[in-house]
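For reference, the structure discussed in these notes is given below.
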Amino acid sequence: MSVLVATDLSSGSENALRAASLHARRSDSKLVVLHCLEAAAEGVALKDFVSHSEEILASAKRDALVELERTYQDAVAEELRPSEVDFGVELKFAGVGVLEALSAESFELVVLGPTGAGTLSGMLFGSTAEEVVRESTVPVLVVPPDAHTEAIGSIVAPVDLSECSRASLRHAVELAQLHDARLDIVHHYVAPYGGLLKLDSEPAPESLERLEAERREALEAFVAEVDLSGVDHRLKLWRSSVTNSSPAESIVEVARDDEADLIVMGTHGRRGFKRLFLGSTAFKVLRHAPCQVMVVRAQK
C-alpha cells in the first residue's frame, strides 16, 4: 500500500508534504507525490484559444516534474522522508487527477492541503479537498498550512454512535497505536428543551444528570466493541443546547483545548442540495479545525 499526496507547489502545501512523509515513513509505505498542471487540462478556457503542441505539453510536464522534486526536497528534511518516493505530473484538474490516481493504484491514504485549484468552478462549488473527500474510498488527510506535523501526540476521535463513526474510531485507534498518541473519544449530544417557545430554558439539574448518565452509558457500550488495548484514551461528553453549539463547533473546540495534532472522523459523503445548504459536520470541521483532519468515508 502507498500514501498519495497532491501539491500545487505553493508554500501552503508544504505542510501536506511533511505530514504525508511522516505517515508513509511510520507505516513503511511508498509515498507518491502528485502535481496536476491544470492550465493544460482538458476543458480549460484558455486552452481553447491557444494551440499546445505535444512537444510543448511534454516540455511543460518535464519542467513541472523537476519543480515538483525540488519543492519536495526543500519542504521535507531527508531524515523525515520514507524509503521510497515517486513523483508524477498530470495534465488534469487537481480533483480529477487525484481521483484517477486513487482508482489506478492501491493507496491507504491521500493527503491534501486545504486550498482548492483556484479555478472559478473550484471557488463556487468547493475546493479540491472537498471534492476528493466526497469521492474517495480511502481516508483523506487535510493538512492546514500552519498545523503541527512534526509528530502526532494527541488525536481527537468524534463519534455519533453510528457504524460510520465506529469505522473512523477503529482507524483512529490504529493511528494512536502507530504514533503512540493519546486518544480522546468525543461524543456530542443536545440537551432537551421546553418547547419551541423555550429554546433557551435550562432543564432541571436532575434531568441533565440523568441524560448525561444515559449518554455516557451509550458511549461506553459503543466503545466497548473496539479494541483499545495499549491505547491511552479518554471518553469525553460534550453537551449543548439546540441554540448554542453544533457538533462541528464542539469538535473544533475540543481539538483546540486538547492542543490536538489530528482529528479523525467519519463522513457519510452526503451530496447534492442537502449538503450544499446544510453542510455536513465533517466539511464544517475541515474549514475550521486548528489541526490536521482525517476523514474516513462510510463504505456502502
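A note on labels: chains of the C-alpha cells are A, B, ... as shown, every chain counts residues from 1, and ligands are counted from 1 in their shown order.
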
Selection near A:Gly153, 8 Å with only C-alpha atoms, sequence-local residues under 3 positions removed, as JSON, numbers by chain: {"A": [179, 180, 181, 182, 260, 261]}

Spatial neighbours of A:Glu54, max dist 12 Å, only C-alpha atoms, sep filter under 5 positions, as a ChimeraX atom specification: /A:40,59-61,91

Could you save the residues just selected, with C-alpha atoms, as a CSV table (one decimal), in the first residue's frame?
```csv
chain,number,residue,atom,x,y,z
A,40,ALA,CA,-3.0,22.3,-19.6
A,59,SER,CA,8.3,20.1,-22.1
A,60,ALA,CA,5.9,21.7,-19.6
A,61,LYS,CA,5.4,18.3,-17.9
A,91,LEU,CA,-2.2,17.5,-17.3
```

Residues of stretch 146-257 of chain A that have any atom at most 10 Å from an atom of stretch 22-38 of chain A: could you tabulate them with the shortest-distance atom pair and the distance in Å to one decimal, using only C-alpha atoms, ordered by chain and increasing number, as a tab-separated table?
```
residue	atom	partner	partner_atom	distance
A:Thr149	CA	A:Leu22	CA	7.9
A:Glu150	CA	A:Leu22	CA	7.7
A:Ala151	CA	A:Leu22	CA	7.7
A:Ile152	CA	A:Leu22	CA	9.3
A:Leu175	CA	A:His23	CA	9.3
A:Leu178	CA	A:Arg26	CA	7.1
A:His179	CA	A:Arg26	CA	7.7
```

Residues from last step as file, N, CA and C atoms, as a PDB file, in the first residue's frame:
```pdb
ATOM      1  N   THR A 149       3.043  19.243  12.335  1.00  0.00           N
ATOM      2  CA  THR A 149       3.202  17.982  11.602  1.00  0.00           C
ATOM      3  C   THR A 149       4.437  17.190  12.012  1.00  0.00           C
ATOM      4  N   GLU A 150       5.201  17.706  12.968  1.00  0.00           N
ATOM      5  CA  GLU A 150       6.446  17.022  13.340  1.00  0.00           C
ATOM      6  C   GLU A 150       6.176  15.654  13.950  1.00  0.00           C
ATOM      7  N   ALA A 151       5.114  15.533  14.717  1.00  0.00           N
ATOM      8  CA  ALA A 151       4.748  14.255  15.349  1.00  0.00           C
ATOM      9  C   ALA A 151       3.282  14.330  15.722  1.00  0.00           C
ATOM     10  N   ILE A 152       2.674  13.175  15.911  1.00  0.00           N
ATOM     11  CA  ILE A 152       1.277  13.110  16.335  1.00  0.00           C
ATOM     12  C   ILE A 152       1.242  12.558  17.756  1.00  0.00           C
ATOM     13  N   LEU A 175      -4.082   4.566  14.360  1.00  0.00           N
ATOM     14  CA  LEU A 175      -3.130   5.675  14.300  1.00  0.00           C
ATOM     15  C   LEU A 175      -2.542   5.980  15.671  1.00  0.00           C
ATOM     16  N   LEU A 178       0.045   3.434  16.196  1.00  0.00           N
ATOM     17  CA  LEU A 178       1.195   3.650  15.318  1.00  0.00           C
ATOM     18  C   LEU A 178       2.075   4.787  15.812  1.00  0.00           C
ATOM     19  N   HIS A 179       1.452   5.854  16.313  1.00  0.00           N
ATOM     20  CA  HIS A 179       2.199   7.049  16.729  1.00  0.00           C
ATOM     21  C   HIS A 179       2.375   7.139  18.242  1.00  0.00           C
TER      22      HIS A 179
END
```

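Going from atom CA of A:Val98 to atom CA of A:Ile251 covers 27.7 Å.
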
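For the pair atom CA of A:Glu90 and atom CA of A:Ala129, the interatomic distance is 17.2 Å.
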
Proximity of stretch 10-101 of chain A to stretch 140-148 of chain A: per-residue shortest pair, 10 Å limit, only C-alpha atoms, as a Markdown table:
```
| residue | atom | partner | partner_atom | distance |
| --- | --- | --- | --- | --- |
| A:Ser11 | CA | A:Pro145 | CA | 8.0 |
| A:Gly12 | CA | A:Pro145 | CA | 5.0 |
| A:Ser13 | CA | A:Pro145 | CA | 6.5 |
| A:Glu14 | CA | A:Pro145 | CA | 7.3 |
| A:Asn15 | CA | A:Pro145 | CA | 5.5 |
| A:Ala16 | CA | A:Val143 | CA | 5.3 |
| A:Leu17 | CA | A:Val143 | CA | 9.1 |
| A:Arg18 | CA | A:Val143 | CA | 9.5 |
| A:Ala19 | CA | A:Val143 | CA | 7.4 |
| A:Ala20 | CA | A:Leu141 | CA | 8.5 |
```

Surrounding residues of A:Glu105 excluding itself and chain neighbours under 3 positions, 10 Å, only C-alpha atoms, as a ChimeraX atom specification: /A:1-2,4,100-102,108

Spatial neighbours of stretch 262-268 of chain A, 7 Å, only C-alpha atoms, chain gap at least 3 places, as a list in words: Ile152, Ser154, Ile155, Val156, Ala157, Pro158, Cys164, Ser165, Ser168, Ala172, Ala282, Cys291, Gln292, Val293, Met294, Val295, Val296, Arg297 and Ala298 of chain A

Let's have the selection written as a compact mmCIF listing (two decimals), in the first residue's frame, with N, CA, C and O atoms.
```
# COMPACT_ATOMS: atom_id res chain seq x y z
N ILE A 152 2.67 13.17 15.91
CA ILE A 152 1.28 13.11 16.33
C ILE A 152 1.24 12.56 17.76
O ILE A 152 1.51 11.38 17.98
N SER A 154 -1.45 13.65 20.03
CA SER A 154 -2.80 13.72 20.56
C SER A 154 -3.80 13.65 19.41
O SER A 154 -3.70 14.41 18.45
N ILE A 155 -4.76 12.72 19.53
CA ILE A 155 -5.77 12.52 18.49
C ILE A 155 -7.16 12.68 19.10
O ILE A 155 -7.43 12.16 20.18
N VAL A 156 -8.04 13.40 18.40
CA VAL A 156 -9.44 13.52 18.79
C VAL A 156 -10.28 12.71 17.82
O VAL A 156 -10.16 12.88 16.60
N ALA A 157 -11.14 11.83 18.36
CA ALA A 157 -11.99 10.99 17.53
C ALA A 157 -13.45 11.26 17.89
O ALA A 157 -13.96 10.73 18.87
N PRO A 158 -14.16 12.09 17.13
CA PRO A 158 -15.59 12.32 17.39
C PRO A 158 -16.40 11.10 16.97
O PRO A 158 -16.13 10.50 15.92
N CYS A 164 -20.76 4.36 10.90
CA CYS A 164 -19.77 5.19 10.22
C CYS A 164 -18.70 5.67 11.19
O CYS A 164 -17.50 5.59 10.92
N SER A 165 -19.12 6.15 12.36
CA SER A 165 -18.14 6.64 13.33
C SER A 165 -17.40 5.51 14.01
O SER A 165 -16.30 5.70 14.52
N SER A 168 -14.46 4.98 11.70
CA SER A 168 -13.45 6.02 11.87
C SER A 168 -12.74 5.89 13.21
O SER A 168 -11.54 6.18 13.32
N ALA A 172 -8.80 5.62 14.01
CA ALA A 172 -8.12 6.48 14.98
C ALA A 172 -7.31 5.66 15.97
O ALA A 172 -6.19 6.04 16.35
N ALA A 282 -18.44 16.96 8.96
CA ALA A 282 -17.05 16.78 8.51
C ALA A 282 -16.56 18.00 7.73
O ALA A 282 -15.43 18.47 7.95
N CYS A 291 -6.01 21.90 13.38
CA CYS A 291 -5.01 20.84 13.21
C CYS A 291 -5.35 20.01 11.97
O CYS A 291 -6.31 20.30 11.24
N GLN A 292 -4.57 18.97 11.74
CA GLN A 292 -4.85 18.06 10.64
C GLN A 292 -6.19 17.35 10.89
O GLN A 292 -6.55 17.06 12.02
N VAL A 293 -6.91 17.06 9.80
CA VAL A 293 -8.19 16.35 9.89
C VAL A 293 -8.17 15.18 8.92
O VAL A 293 -7.92 15.37 7.72
N MET A 294 -8.41 13.99 9.44
CA MET A 294 -8.51 12.81 8.58
C MET A 294 -9.99 12.40 8.52
O MET A 294 -10.62 12.19 9.54
N VAL A 295 -10.49 12.30 7.30
CA VAL A 295 -11.90 11.94 7.09
C VAL A 295 -11.97 10.53 6.51
O VAL A 295 -11.35 10.24 5.50
N VAL A 296 -12.73 9.69 7.19
CA VAL A 296 -12.91 8.30 6.76
C VAL A 296 -14.34 8.18 6.26
O VAL A 296 -15.29 8.31 7.03
N ARG A 297 -14.50 7.94 4.98
CA ARG A 297 -15.83 7.90 4.40
C ARG A 297 -16.50 6.56 4.68
O ARG A 297 -15.87 5.50 4.60
N ALA A 298 -17.80 6.60 4.98
CA ALA A 298 -18.56 5.39 5.22
C ALA A 298 -18.61 4.54 3.96
O ALA A 298 -18.84 5.04 2.86
```

Sort by chain and increasing residue number a table of all residues of stretch 76-191 of chain A within 6 Å of stretch 227-243 of chain A, each with its closest pair of atoms and their distance in Å to one decimal, counting only C-alpha atoms, and write it as a tab-separated table.
```
residue	atom	partner	partner_atom	distance
A:Arg182	CA	A:Asp232	CA	5.0
A:Leu183	CA	A:His233	CA	4.5
A:Asp184	CA	A:Arg234	CA	4.9
A:Ile185	CA	A:Leu235	CA	4.9
A:Val186	CA	A:Lys236	CA	4.7
A:His187	CA	A:Leu237	CA	5.1
A:His188	CA	A:Trp238	CA	4.6
A:Tyr189	CA	A:Arg239	CA	5.2
A:Val190	CA	A:Ser240	CA	5.0
A:Ala191	CA	A:Ser241	CA	5.1
```

Straight-line distance linking atom CA of A:Val285 with atom CA of A:Asp160, stated in Å to one decimal: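 Pair atom CA of A:Val285 / atom CA of A:Asp160 returns 14.5 Å.
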
Picked from stretch 212-260 of chain A by DSSP as strand (DSSP E or B), as a ChimeraX atom specification: /A:233-240

Once you have the residues from the selection above, write them out as a PDB file, in the first residue's frame, restricted to C-alpha atoms.
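Wrote it out as part08.pdb, contents follow:
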```pdb
ATOM      1  CA  HIS A 233      -7.587   7.081  25.852  1.00  0.00           C
ATOM      2  CA  ARG A 234     -10.302   9.186  27.482  1.00  0.00           C
ATOM      3  CA  LEU A 235     -14.041   9.407  26.908  1.00  0.00           C
ATOM      4  CA  LYS A 236     -15.496  12.912  26.687  1.00  0.00           C
ATOM      5  CA  LEU A 237     -19.119  14.034  26.613  1.00  0.00           C
ATOM      6  CA  TRP A 238     -19.938  17.450  25.171  1.00  0.00           C
ATOM      7  CA  ARG A 239     -23.410  18.808  25.921  1.00  0.00           C
ATOM      8  CA  SER A 240     -25.034  21.728  24.155  1.00  0.00           C
TER       9      SER A 240
END
```

Backbone-only DSSP, alpha helix (DSSP H) members of stretch 76-195 of chain A, as a ChimeraX atom specification: /A:94-104,120-125,128-135,163-179

Save the residues we just selected, N, CA and C atoms, as a CSV table (one decimal), in the first residue's frame?
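Output file result22.csv follows:
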```
chain,number,residue,atom,x,y,z
A,94,ALA,N,-7.0,19.2,-10.6
A,94,ALA,CA,-6.4,18.5,-9.4
A,94,ALA,C,-7.3,17.4,-8.9
A,95,GLY,N,-8.6,17.7,-8.8
A,95,GLY,CA,-9.6,16.7,-8.2
A,95,GLY,C,-9.6,15.5,-9.1
A,96,VAL,N,-9.7,15.7,-10.4
A,96,VAL,CA,-9.7,14.6,-11.4
A,96,VAL,C,-8.5,13.8,-11.3
A,97,GLY,N,-7.3,14.4,-11.3
A,97,GLY,CA,-6.0,13.7,-11.2
A,97,GLY,C,-5.9,12.9,-10.0
A,98,VAL,N,-6.3,13.4,-8.8
A,98,VAL,CA,-6.2,12.7,-7.6
A,98,VAL,C,-7.1,11.5,-7.6
A,99,LEU,N,-8.3,11.6,-8.0
A,99,LEU,CA,-9.3,10.5,-8.0
A,99,LEU,C,-8.9,9.4,-9.0
A,100,GLU,N,-8.4,9.8,-10.2
A,100,GLU,CA,-7.9,8.9,-11.1
A,100,GLU,C,-6.7,8.1,-10.6
A,101,ALA,N,-5.8,8.8,-9.9
A,101,ALA,CA,-4.7,8.1,-9.3
A,101,ALA,C,-5.1,7.1,-8.3
A,102,LEU,N,-6.2,7.4,-7.5
A,102,LEU,CA,-6.7,6.5,-6.5
A,102,LEU,C,-7.3,5.3,-7.1
A,103,SER,N,-7.9,5.4,-8.3
A,103,SER,CA,-8.5,4.3,-8.9
A,103,SER,C,-7.5,3.4,-9.6
A,104,ALA,N,-6.3,4.0,-9.9
A,104,ALA,CA,-5.3,3.2,-10.7
A,104,ALA,C,-4.4,2.4,-9.8
A,120,LEU,N,-12.5,29.1,-11.3
A,120,LEU,CA,-13.9,29.6,-10.9
A,120,LEU,C,-14.8,28.5,-10.4
A,121,SER,N,-14.7,27.3,-11.0
A,121,SER,CA,-15.6,26.2,-10.6
A,121,SER,C,-15.2,25.8,-9.2
A,122,GLY,N,-13.9,25.8,-8.9
A,122,GLY,CA,-13.4,25.5,-7.6
A,122,GLY,C,-13.9,26.4,-6.5
A,123,MET,N,-13.9,27.7,-6.8
A,123,MET,CA,-14.3,28.7,-5.8
A,123,MET,C,-15.8,28.6,-5.6
A,124,LEU,N,-16.6,28.3,-6.6
A,124,LEU,CA,-18.0,28.3,-6.5
A,124,LEU,C,-18.6,27.0,-5.9
A,125,PHE,N,-18.0,25.9,-6.2
A,125,PHE,CA,-18.6,24.6,-5.8
A,125,PHE,C,-17.7,23.8,-4.9
A,128,THR,N,-10.7,21.5,-4.1
A,128,THR,CA,-10.2,20.1,-4.4
A,128,THR,C,-10.3,19.2,-3.3
A,129,ALA,N,-10.0,19.7,-2.1
A,129,ALA,CA,-10.0,18.8,-0.9
A,129,ALA,C,-11.4,18.3,-0.7
A,130,GLU,N,-12.4,19.2,-0.8
A,130,GLU,CA,-13.8,18.7,-0.6
A,130,GLU,C,-14.3,17.8,-1.7
A,131,GLU,N,-13.8,18.0,-2.9
A,131,GLU,CA,-14.2,17.1,-4.0
A,131,GLU,C,-13.6,15.7,-3.7
A,132,VAL,N,-12.4,15.6,-3.3
A,132,VAL,CA,-11.8,14.3,-3.0
A,132,VAL,C,-12.4,13.7,-1.8
A,133,VAL,N,-12.7,14.4,-0.8
A,133,VAL,CA,-13.3,13.8,0.4
A,133,VAL,C,-14.7,13.2,0.0
A,134,ARG,N,-15.4,13.9,-0.8
A,134,ARG,CA,-16.7,13.3,-1.2
A,134,ARG,C,-16.6,12.0,-2.0
A,135,GLU,N,-15.6,11.9,-2.8
A,135,GLU,CA,-15.5,10.8,-3.8
A,135,GLU,C,-14.5,9.7,-3.3
A,163,GLU,N,-22.5,3.4,12.8
A,163,GLU,CA,-21.5,2.5,12.2
A,163,GLU,C,-20.4,3.2,11.5
A,164,CYS,N,-20.8,4.4,10.9
A,164,CYS,CA,-19.8,5.2,10.2
A,164,CYS,C,-18.7,5.7,11.2
A,165,SER,N,-19.1,6.2,12.4
A,165,SER,CA,-18.1,6.6,13.3
A,165,SER,C,-17.4,5.5,14.0
A,166,ARG,N,-18.0,4.3,14.0
A,166,ARG,CA,-17.2,3.2,14.6
A,166,ARG,C,-16.1,2.8,13.7
A,167,ALA,N,-16.3,2.9,12.4
A,167,ALA,CA,-15.2,2.7,11.4
A,167,ALA,C,-14.1,3.7,11.6
A,168,SER,N,-14.5,5.0,11.7
A,168,SER,CA,-13.4,6.0,11.9
A,168,SER,C,-12.7,5.9,13.2
A,169,LEU,N,-13.5,5.4,14.2
A,169,LEU,CA,-12.8,5.2,15.5
A,169,LEU,C,-11.8,4.1,15.5
A,170,ARG,N,-12.1,3.1,14.8
A,170,ARG,CA,-11.1,2.0,14.6
A,170,ARG,C,-9.8,2.5,13.9
A,171,HIS,N,-10.1,3.4,12.9
A,171,HIS,CA,-8.9,4.0,12.2
A,171,HIS,C,-8.1,4.9,13.2
A,172,ALA,N,-8.8,5.6,14.0
A,172,ALA,CA,-8.1,6.5,15.0
A,172,ALA,C,-7.3,5.7,16.0
A,173,VAL,N,-7.8,4.5,16.4
A,173,VAL,CA,-7.1,3.6,17.3
A,173,VAL,C,-5.8,3.1,16.7
A,174,GLU,N,-5.9,2.7,15.4
A,174,GLU,CA,-4.7,2.2,14.7
A,174,GLU,C,-3.7,3.3,14.6
A,175,LEU,N,-4.1,4.6,14.4
A,175,LEU,CA,-3.1,5.7,14.3
A,175,LEU,C,-2.5,6.0,15.7
A,176,ALA,N,-3.4,5.9,16.7
A,176,ALA,CA,-2.9,6.1,18.1
A,176,ALA,C,-1.8,5.1,18.4
A,177,GLN,N,-2.0,3.8,18.0
A,177,GLN,CA,-1.1,2.8,18.3
A,177,GLN,C,0.2,3.0,17.5
A,178,LEU,N,0.0,3.4,16.2
A,178,LEU,CA,1.2,3.6,15.3
A,178,LEU,C,2.1,4.8,15.8
A,179,HIS,N,1.5,5.9,16.3
A,179,HIS,CA,2.2,7.0,16.7
A,179,HIS,C,2.4,7.1,18.2
```
